[in-house]
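Presented below is the structure to which this report refers.
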Amino acid sequence: MQRRVPNDTYLARLAVASPGALSLGPAPWLTSAFSSEAAAAFLARATAVRTTDFYTRYGNPTVRAFEDAIAHLERAEAAFATSSGMAALSTALTTFIAPGGRVIAQDALYGGTETLLEILESQMGAEVVRFKTGNVDSLRHAVRAGGCVALFESPANPLLEVTDLEGSARLCKEAGIVSIVDSTIASPINQTPIRYGIDVVVHSATKAIGGHGDFMGGVVASSARMIEQIWERAHILGVFMDPFTAWLGIRSLRTLRLRVDRLNANAMTLALALQGHSRVRNVYYPGLESHPGHAIASRQMSAFGGVLSIDLDGGADAAEAVLGRFTGARRSASFGGPSTLVVRPAAMWAGLSEQGAVRAPPGLLRIGVGLEEANSLVEEVLDALS
Ligand SMILES: *Cc1c(COP(=O)(O)O)cnc(C)c1O
């Protein structure tokens, strides 16, 4: 059996993946289409599944190199790259929902995903059934009624609830339901849901995968058969990643391990420093023993990611005042980049929060740590709290 190359080594050498190329980086195939010399070759390419030498919306060598690297990291047979995380989620979900079919979804999800479910239900005839995030009994109850897909996010926005991936995958499999996990907050370095039997993994590559705050993209990783099903729909919906973005993605993947290691360490240091702080009611981070999902997270994650949330005394006004006192960290909706970004989820998802669709206490701040030196980051946050 061939020895599996460690992820660090695989990523570090990704740059020389193109055989015969003497350049240290892969050349981006910045072309909209490819030509064929003969009629037969053209016809073969026009009708092939996931072809990379016909038309870039169908596939492109640079995009495929990025997809193959994601599949390797996720221990998946194949991956498909999209223009955003929402494109990845909407394509993955709609591919597996039959007309009038039922979607089983946890009750804590990224705001955009909440709105997507609302659209699926109100405009596309799907039935959406909810279960309590991280609660196996609640999932079992929901699954019993049957459905097409079950949607998880672990760790989840904005309170970092953790789902038992193995137990959840088993329940779905027994019921013939396709399980989908949004693994964005974990990143492919800390968690590989396919190992636990999950069918489809989705990431917003805009976050840690892109990792430089200059990139938007999404990925779906799954079996070769399911990725083909997704491609059949996606290349007609026009949901794909362009080659230049994929080239940037490959650039980013080379340092993914190093960056995620630092994000993990910074978030852990900050979470420990804020635990017990007089102005902080609660620190939500799966790496803390006090977090309800800590035991499961320790089992299925190698580290706990770069996102934590803190609930502050004094509600929205107090939280906004603290946010305003940060000197380097900025108010922004993203995370996983070089610089620490802080957001008040109740403001980011104001409409959804008012309807109760997103459970974000008014005084909650989500902190997506960056690559800063840990002590300077802790000092800045403590200063903002004082
Ligand atoms: C950001 C994010 C998304 C959406 O991704 P985009 O790239 O912004 O479309 C989905 N899920 C989670 C958990 C996210 O953090």
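By convention here, the chains of the structure tokens are called A, B, ... in the order presented, each chain's residues are numbered starting at 1, and ligands are numbered starting at 1 in the order presented.
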
Hey, could you make a per-residue contact list for range 159-225 of chain A against range 315-335 of chain A with 10 Å as the cut-off, showing the nearest pair of atoms and its distance in Å to one decimal, counting only C-alpha atoms, sorted by chain and number, as JSON lines?
{"residue": "A:Ile185", "atom": "CA", "partner": "A:Phe335", "partner_atom": "CA", "distance": 8.8}
{"residue": "A:Thr206", "atom": "CA", "partner": "A:Ser334", "partner_atom": "CA", "distance": 8.1}
{"residue": "A:Lys207", "atom": "CA", "partner": "A:Phe335", "partner_atom": "CA", "distance": 5.6}
{"residue": "A:Ala208", "atom": "CA", "partner": "A:Phe335", "partner_atom": "CA", "distance": 7.2}
{"residue": "A:Gly211", "atom": "CA", "partner": "A:Phe335", "partner_atom": "CA", "distance": 8.3}
{"residue": "A:His212", "atom": "CA", "partner": "A:Phe335", "partner_atom": "CA", "distance": 9.7}
{"residue": "A:Gly213", "atom": "CA", "partner": "A:Ser334", "partner_atom": "CA", "distance": 8.2}

**Study point:** Surrounding residues of Phe80 in chain A excluding itself and chain neighbours under 3 positions, 8 Å, only C-alpha atoms, as a PyMOL selection string
**Key:** chain A and resi 67+219-221+227+230-231

Those same residues - N, CA and C atoms - I'd like them written as a PDB file, in the first residue's frame.
ATOM      1  N   GLU A  67      -9.124  21.647  -6.560  1.00  0.00           N
ATOM      2  CA  GLU A  67     -10.137  20.690  -6.097  1.00  0.00           C
ATOM      3  C   GLU A  67      -9.486  19.391  -5.605  1.00  0.00           C
ATOM      4  N   VAL A 219     -15.983  25.232  -1.418  1.00  0.00           N
ATOM      5  CA  VAL A 219     -15.658  23.890  -1.891  1.00  0.00           C
ATOM      6  C   VAL A 219     -16.673  22.888  -1.336  1.00  0.00           C
ATOM      7  N   VAL A 220     -16.890  21.836  -2.120  1.00  0.00           N
ATOM      8  CA  VAL A 220     -17.697  20.694  -1.693  1.00  0.00           C
ATOM      9  C   VAL A 220     -16.816  19.468  -1.886  1.00  0.00           C
ATOM     10  N   ALA A 221     -16.702  18.621  -0.860  1.00  0.00           N
ATOM     11  CA  ALA A 221     -15.916  17.384  -0.979  1.00  0.00           C
ATOM     12  C   ALA A 221     -16.834  16.208  -0.676  1.00  0.00           C
ATOM     13  N   ILE A 227     -20.040  14.031  -6.311  1.00  0.00           N
ATOM     14  CA  ILE A 227     -19.457  15.228  -6.929  1.00  0.00           C
ATOM     15  C   ILE A 227     -19.881  15.318  -8.400  1.00  0.00           C
ATOM     16  N   ILE A 230     -23.319  16.727  -8.335  1.00  0.00           N
ATOM     17  CA  ILE A 230     -23.248  18.162  -8.049  1.00  0.00           C
ATOM     18  C   ILE A 230     -22.797  18.924  -9.299  1.00  0.00           C
ATOM     19  N   TRP A 231     -21.795  18.379  -9.985  1.00  0.00           N
ATOM     20  CA  TRP A 231     -21.284  19.025 -11.212  1.00  0.00           C
ATOM     21  C   TRP A 231     -22.364  19.126 -12.282  1.00  0.00           C
TER      22      TRP A 231
END

Point to revise | Exercise: Thr163 in chain A partners within 10 Å, only C-alpha atoms, chain neighbours under 2 positions left out, as a list in words | key: Gln106, Thr133, Gly134, Asn135, Val136, Phe152, Glu153, Ser154, Pro155, Ala156, Leu160, Glu161, Leu165, Glu166, Gly167, Ser168, Val181, Gly293, Ile296, Ala297 and Gln300 of chain A

Exercise for review: Would you mind writing down, as a ChimeraX atom specification, each residue of range 155-333 of chain A that DSSP on the backbone assigns to strand (DSSP E)?
Suggested key: /A:178-182,200-204,218-222,280-284,307-312,330-331

**Study point:** Protein and nucleic acid residues within 10 Å of ligand 1 (only C-alpha atoms and all ligand atoms) as a PyMOL selection string
**Key:** chain A and resi 82-90+109-114+152-158+181-187+202-208+210+215-219+307+333-336

Please save C-alpha atoms of the selected residues as an mmCIF file, in the first residue's frame.
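And here's again_22.cif as it stands now:
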data_model
loop_
_atom_site.group_PDB
_atom_site.id
_atom_site.type_symbol
_atom_site.label_atom_id
_atom_site.label_comp_id
_atom_site.auth_asym_id
_atom_site.auth_seq_id
_atom_site.Cartn_x
_atom_site.Cartn_y
_atom_site.Cartn_z
ATOM 1 C CA THR A 82 -17.447 27.188 -6.359
ATOM 2 C CA SER A 83 -17.519 30.983 -6.398
ATOM 3 C CA SER A 84 -18.446 31.253 -2.696
ATOM 4 C CA GLY A 85 -19.374 29.248 0.353
ATOM 5 C CA MET A 86 -23.044 30.014 -0.281
ATOM 6 C CA ALA A 87 -22.672 28.701 -3.849
ATOM 7 C CA ALA A 88 -21.227 25.488 -2.399
ATOM 8 C CA LEU A 89 -24.070 25.181 0.134
ATOM 9 C CA SER A 90 -26.887 26.010 -2.287
ATOM 10 C CA LEU A 109 -26.586 27.836 11.329
ATOM 11 C CA TYR A 110 -24.677 30.550 9.516
ATOM 12 C CA GLY A 111 -27.057 33.450 8.705
ATOM 13 C CA GLY A 112 -26.829 32.964 4.933
ATOM 14 C CA THR A 113 -27.697 29.290 5.317
ATOM 15 C CA GLU A 114 -30.789 30.258 7.327
ATOM 16 C CA PHE A 152 -25.088 20.226 9.995
ATOM 17 C CA GLU A 153 -22.594 22.956 10.858
ATOM 18 C CA SER A 154 -19.899 21.987 13.350
ATOM 19 C CA PRO A 155 -18.620 23.953 15.155
ATOM 20 C CA ALA A 156 -21.686 26.122 14.521
ATOM 21 C CA ASN A 157 -22.316 29.850 14.327
ATOM 22 C CA PRO A 158 -22.335 31.778 16.569
ATOM 23 C CA VAL A 181 -21.622 19.261 7.108
ATOM 24 C CA ASP A 182 -20.536 22.883 6.878
ATOM 25 C CA SER A 183 -17.025 22.479 8.305
ATOM 26 C CA THR A 184 -15.856 26.062 7.642
ATOM 27 C CA ILE A 185 -15.129 27.009 11.260
ATOM 28 C CA ALA A 186 -13.009 23.874 11.759
ATOM 29 C CA SER A 187 -11.085 24.092 8.433
ATOM 30 C CA VAL A 202 -18.799 22.069 2.538
ATOM 31 C CA HIS A 203 -16.455 24.977 3.250
ATOM 32 C CA SER A 204 -16.560 28.666 2.698
ATOM 33 C CA ALA A 205 -13.029 28.883 1.266
ATOM 34 C CA THR A 206 -13.343 32.627 1.827
ATOM 35 C CA LYS A 207 -12.263 31.951 5.413
ATOM 36 C CA ALA A 208 -9.175 29.942 6.490
ATOM 37 C CA GLY A 210 -8.206 31.434 1.215
ATOM 38 C CA PHE A 215 -10.398 35.704 -1.790
ATOM 39 C CA MET A 216 -13.964 34.418 -2.160
ATOM 40 C CA GLY A 217 -14.744 30.798 -2.838
ATOM 41 C CA GLY A 218 -16.351 27.597 -1.687
ATOM 42 C CA VAL A 219 -15.658 23.890 -1.891
ATOM 43 C CA VAL A 307 -13.267 31.355 16.149
ATOM 44 C CA ALA A 333 -18.124 39.807 9.046
ATOM 45 C CA SER A 334 -15.335 37.420 8.012
ATOM 46 C CA PHE A 335 -12.678 35.334 9.794
ATOM 47 C CA GLY A 336 -9.749 33.027 9.072
#

Point to revise | Minimum-distance residue to Ala265 in chain A, chosen among A:Val378, A:Leu159, A:Ala360, A:Leu312 (using only C-alpha atoms) | key: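 For Ala265 in chain A, the nearest of the given residues is A:Val378.
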
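The residue that comes closest to Ile236 in chain A, out of A:Tyr58, A:Thr9, A:Ala76, A:Arg279 and on the basis of only C-alpha atoms, is A:Tyr58.
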
Review point. What is the CA of His294 in chain A to CA of Leu171 in chain A distance in Å?
Key: 21.5 Å

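Between CA of Asn375 in chain A and CA of Leu263 in chain A the separation is 13.3 Å.
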